[in-house]
>>> print(open('coords.cif').read())   # mmCIF, C-alpha atoms
data_work
#
loop_
_atom_site.label_atom_id
_atom_site.label_comp_id
_atom_site.auth_asym_id
_atom_site.auth_seq_id
_atom_site.Cartn_x
_atom_site.Cartn_y
_atom_site.Cartn_z
CA MET A 14 191.29 101.18 188.10
CA PHE A 15 188.13 100.55 186.05
CA LYS A 16 185.89 102.11 188.71
CA SER A 17 188.09 105.21 188.77
CA SER A 18 188.01 105.54 184.95
CA ALA A 19 184.27 104.99 184.80
CA TRP A 20 183.71 107.56 187.55
CA SER A 21 185.94 110.06 185.72
CA ALA A 22 183.96 109.54 182.51
CA ILE A 23 180.65 110.09 184.31
CA VAL A 24 181.93 113.28 185.92
CA LEU A 25 183.27 114.54 182.58
CA ILE A 26 179.91 113.91 180.87
CA ALA A 27 178.02 115.58 183.71
CA ILE A 28 180.21 118.67 183.43
CA THR A 29 180.27 119.01 179.62
CA ALA A 30 176.72 117.93 178.70
CA PRO A 31 175.02 121.14 179.91
CA ALA A 32 177.54 123.28 178.01
CA MET A 33 177.00 121.25 174.83
CA ALA A 34 173.23 121.52 175.21
CA MET A 35 173.50 125.29 175.52
CA SER A 36 175.81 125.72 172.52
CA PRO A 37 174.01 126.75 169.34
CA GLY A 38 173.58 123.83 166.98
CA GLY A 39 174.74 121.24 169.48
CA GLY A 40 178.24 121.32 168.03
CA GLU A 41 177.41 121.67 164.33
CA HIS A 42 179.13 124.61 162.67
CA PHE A 43 178.00 126.50 159.59
CA PRO A 44 179.97 129.35 158.01
CA PHE A 45 176.86 131.54 157.72
CA GLY A 46 175.34 131.15 161.19
CA HIS A 47 173.84 128.83 163.77
CA PRO A 48 170.48 127.82 165.23
CA GLY A 49 168.99 130.72 167.16
CA ARG A 50 167.62 130.51 170.65
CA GLY A 51 164.46 132.46 169.89
CA SER A 52 164.93 134.64 172.96
CA GLY A 53 165.42 138.37 172.61
CA PRO A 54 164.51 140.25 169.44
CA VAL A 55 163.51 137.90 166.64
CA HIS A 56 162.60 138.85 163.07
CA VAL A 57 159.66 136.66 161.97
CA ILE A 58 159.49 135.73 158.28
CA HIS A 59 156.59 133.70 156.85
CA ILE A 60 157.32 131.41 153.90
CA ARG A 61 155.00 129.15 151.93
CA ALA A 62 156.19 125.94 150.25
CA LEU A 63 154.06 125.44 147.14
CA ASP A 64 153.23 122.40 145.02
CA THR A 65 154.39 124.41 141.98
CA LEU A 66 157.84 123.58 143.43
CA ARG A 67 158.51 127.15 144.50
CA PHE A 68 158.81 129.08 147.76
CA ASP A 69 156.90 132.30 148.38
CA PRO A 70 158.78 134.53 148.85
CA SER A 71 161.81 133.34 146.89
CA ARG A 72 164.07 136.19 148.05
CA ILE A 73 164.69 137.38 151.63
CA VAL A 74 167.00 140.06 153.03
CA VAL A 75 168.25 139.79 156.62
CA THR A 76 170.86 141.60 158.70
CA ARG A 77 174.07 139.98 159.91
CA GLY A 78 173.73 139.24 163.63
CA GLU A 79 169.96 139.05 163.35
CA THR A 80 167.98 136.09 164.67
CA VAL A 81 165.20 135.08 162.30
CA LYS A 82 162.25 132.82 163.03
CA PHE A 83 161.18 131.25 159.74
CA VAL A 84 157.52 130.20 159.96
CA VAL A 85 157.22 127.82 157.02
CA THR A 86 153.85 126.52 155.83
CA ASN A 87 153.44 123.68 153.37
CA ALA A 88 150.50 125.09 151.42
CA GLY A 89 150.20 122.03 149.19
CA LYS A 90 149.49 118.32 149.12
CA LEU A 91 153.07 117.19 148.49
CA ALA A 92 155.72 116.74 151.19
CA HIS A 93 158.39 119.46 151.21
CA GLU A 94 161.50 120.51 153.15
CA PHE A 95 163.04 123.81 154.16
CA VAL A 96 166.83 123.57 154.40
CA ILE A 97 169.12 126.58 154.97
CA GLY A 98 172.63 126.27 153.56
CA ASP A 99 175.34 127.58 151.35
CA ALA A 100 175.90 125.96 147.94
CA ALA A 101 178.12 123.22 149.43
CA GLU A 102 175.57 122.38 152.16
CA GLN A 103 172.73 122.26 149.62
CA ALA A 104 174.74 120.00 147.28
CA ALA A 105 175.58 117.64 150.16
CA HIS A 106 171.95 117.44 151.31
CA GLU A 107 170.75 116.88 147.73
CA LYS A 108 173.17 113.95 147.43
CA GLU A 109 171.98 112.51 150.78
CA MET A 110 168.33 112.75 149.73
CA GLN A 111 169.01 111.06 146.38
CA ALA A 112 170.70 108.19 148.22
CA ALA A 113 167.97 107.90 150.90
CA PRO A 114 164.79 109.67 149.68
CA GLY A 115 162.72 109.02 152.81
CA MET A 116 165.39 110.09 155.29
CA SER A 117 164.29 112.00 158.37
CA MET A 118 165.58 115.51 159.08
CA GLN A 119 165.09 115.29 162.84
CA HIS A 120 168.84 115.59 163.47
CA ASP A 121 169.52 118.37 160.95
CA VAL A 122 169.53 121.68 162.83
CA ASN A 123 169.45 123.69 159.60
CA GLY A 124 166.31 122.12 158.11
CA ILE A 125 162.77 120.98 158.73
CA SER A 126 160.46 118.46 157.07
CA LEU A 127 157.06 119.80 156.06
CA PRO A 128 154.22 117.31 155.72
CA PRO A 129 151.28 118.53 153.58
CA GLY A 130 149.30 121.30 155.27
CA GLN A 131 151.72 121.63 158.20
CA THR A 132 153.48 124.74 159.55
CA ARG A 133 156.83 124.46 161.31
CA ASP A 134 159.39 126.93 162.62
CA LEU A 135 163.14 127.20 162.23
CA VAL A 136 165.06 129.83 164.22
CA TRP A 137 168.44 130.89 162.84
CA THR A 138 171.05 133.54 163.67
CA PHE A 139 173.03 134.79 160.67
CA THR A 140 176.66 135.62 161.48
CA ARG A 141 178.31 136.40 158.14
CA ASP A 142 177.42 138.65 155.19
CA GLY A 143 176.70 136.89 151.92
CA VAL A 144 174.08 134.81 150.19
CA VAL A 145 172.74 131.44 151.32
CA GLU A 146 169.88 129.38 150.00
CA TYR A 147 166.80 127.71 151.37
CA ALA A 148 165.72 124.70 149.40
CA CYS A 149 163.60 121.58 149.23
CA HIS A 150 165.42 118.33 148.52
CA ILE A 151 162.47 115.98 148.17
CA PRO A 152 163.52 114.05 145.03
CA GLY A 153 163.01 116.23 141.96
CA HIS A 154 162.06 119.41 143.83
CA PHE A 155 165.51 121.06 143.99
CA ALA A 156 166.24 120.20 140.35
CA ALA A 157 162.88 121.78 139.39
CA GLY A 158 163.92 125.04 141.07
CA MET A 159 162.48 124.82 144.59
CA VAL A 160 165.10 127.13 146.04
CA GLY A 161 165.16 130.66 147.42
CA LYS A 162 167.91 133.10 148.36
CA ILE A 163 168.71 134.77 151.68
CA TYR A 164 170.80 137.91 151.33
CA ILE A 165 172.68 138.61 154.57
CA GLU A 166 173.70 142.26 154.77
CA PRO A 167 175.71 144.30 157.27
CA PRO A 168 173.75 146.14 160.00
CA GLY A 169 172.35 149.47 158.82
CA ARG A 170 172.28 148.48 155.14
CA HIS A 171 168.57 147.70 154.77
CA GLY A 172 165.54 148.73 156.72
#
>>> encode(input="coords.cif", output="structure tokens")
Amino acid sequence: MFKSSAWSAIVLIAITAPAMAMSPGGGEHFPFGHPGRGSGPVHVIHIRALDTLRFDPSRIVVTRGETVKFVVTNAGKLAHEFVIGDAAEQAAHEKEMQAAPGMSMQHDVNGISLPPGQTRDLVWTFTRDGVVEYACHIPGHFAAGMVGKIYIEPPGRHG
């Protein structure tokens, strides 16, 4: 019986693992979109994280359905983050970072850590109109205003 159950579990994992690997976000769901694949047309947006605790630019407009490659450069000497999320996601991440300030973002599909002087990419597909934020949650940075807005508009609205 045990051998049969173990074999069934192995077969189930072998069948479902490739599908899970191919699904955007590896199973994480966000109301505003999901990690993009980077294949096909991609809108590239360059952002700088500054030691003045600001992002440049601080306002971005994208089109619903569009895949965006954010190329984020930490132009300063302080560590920063770039986290995409709605207000609830940002509040949750801020709380996590206050509880564990040195926590790694390697498992967060909607954010990247930015060591001083480094440039990293985050590819995202936006699926719903509205406004989301990108923010840094290194302790004190979000409270000081290190946050920008992404305006997601319907196709054909901006050019």
>>> resolve_selection(input="coords.cif", expression="the PyMOL selection byres ((chain A and resi 159) around 6)", output="PDB file with C-alpha atoms, in the frame of the given file")
ATOM      1  CA  LEU A  66     157.840 123.580 143.430  1.00  0.00           C
ATOM      2  CA  ARG A  67     158.510 127.150 144.500  1.00  0.00           C
ATOM      3  CA  ALA A 148     165.720 124.700 149.400  1.00  0.00           C
ATOM      4  CA  CYS A 149     163.600 121.580 149.230  1.00  0.00           C
ATOM      5  CA  HIS A 154     162.060 119.410 143.830  1.00  0.00           C
ATOM      6  CA  PHE A 155     165.510 121.060 143.990  1.00  0.00           C
ATOM      7  CA  GLY A 158     163.920 125.040 141.070  1.00  0.00           C
ATOM      8  CA  VAL A 160     165.100 127.130 146.040  1.00  0.00           C
TER       9      VAL A 160
END
>>> atom_distance(input="coords.cif", atom1="atom CA of His47 of chain A", atom2="atom CA of Ser71 of chain A")
21.2 Å
>>> resolve_selection(input="coords.cif", expression="the PyMOL selection byres ((chain A and resi 135) around 9)", output="ChimeraX atom specification")
/A:48-49,81-85,95,122-125,133-134,136-137
>>> atom_distance(input="coords.cif", atom1="atom CA of Gly143 of chain A", atom2="atom CA of Glu166 of chain A")
6.8 Å
>>> resolve_selection(input="coords.cif", expression="the PyMOL selection byres ((chain A and resi 101-108) around 9)", output="ChimeraX atom specification")
/A:43,96-100,109-113,146-152,155
>>> closest_residue(input="coords.cif", among="A:Pro54, A:Gly153, A:Gly78, A:Pro70", to="Leu91 of chain A", atoms="only C-alpha atoms")
A:Gly153
>>> axis_aligned_box(input="coords.cif", around="segment 42-61 of chain A", padding_each_side="5 Å", output="AutoDock Vina command-line options")
--center_x 167.5 --center_y 132.4 --center_z 162.4 --size_x 35.0 --size_y 25.6 --size_z 31.0
>>> atom_distance(input="coords.cif", atom1="atom CA of Asn87 of chain A", atom2="atom CA of Ile163 of chain A")
18.9 Å
>>> closest_residue(input="coords.cif", among="A:Thr140, A:Glu79, A:Pro44, A:Ala62", to="Leu127 of chain A", atoms="all atoms listed in the file")
A:Ala62
>>> closest_residue(input="coords.cif", among="A:Phe45, A:Asp64, A:Gly53, A:Lys162", to="Gly130 of chain A", atoms="only C-alpha atoms")
A:Asp64
>>> residues_around(input="coords.cif", residues="Leu63 of chain A", least_positions_apart="6", cutoff="10 Å", atoms="all atoms listed in the file", output="list in words")
Asp69, Thr86, Asn87, Ala88, Gly89, Lys90, Leu91, Ala92, His93, Pro129 and Met159 of chain A
>>> residues_near_point(input="coords.cif", point="(168.8, 136.6, 153.7)", cutoff="6 Å", atoms="all atoms listed in the file", output="PDB file with C-alpha atoms, in the frame of the given file")
ATOM      1  CA  ILE A  73     164.690 137.380 151.630  1.00  0.00           C
ATOM      2  CA  VAL A  74     167.000 140.060 153.030  1.00  0.00           C
ATOM      3  CA  VAL A  75     168.250 139.790 156.620  1.00  0.00           C
ATOM      4  CA  ILE A 163     168.710 134.770 151.680  1.00  0.00           C
ATOM      5  CA  TYR A 164     170.800 137.910 151.330  1.00  0.00           C
ATOM      6  CA  ILE A 165     172.680 138.610 154.570  1.00  0.00           C
TER       7      ILE A 165
END
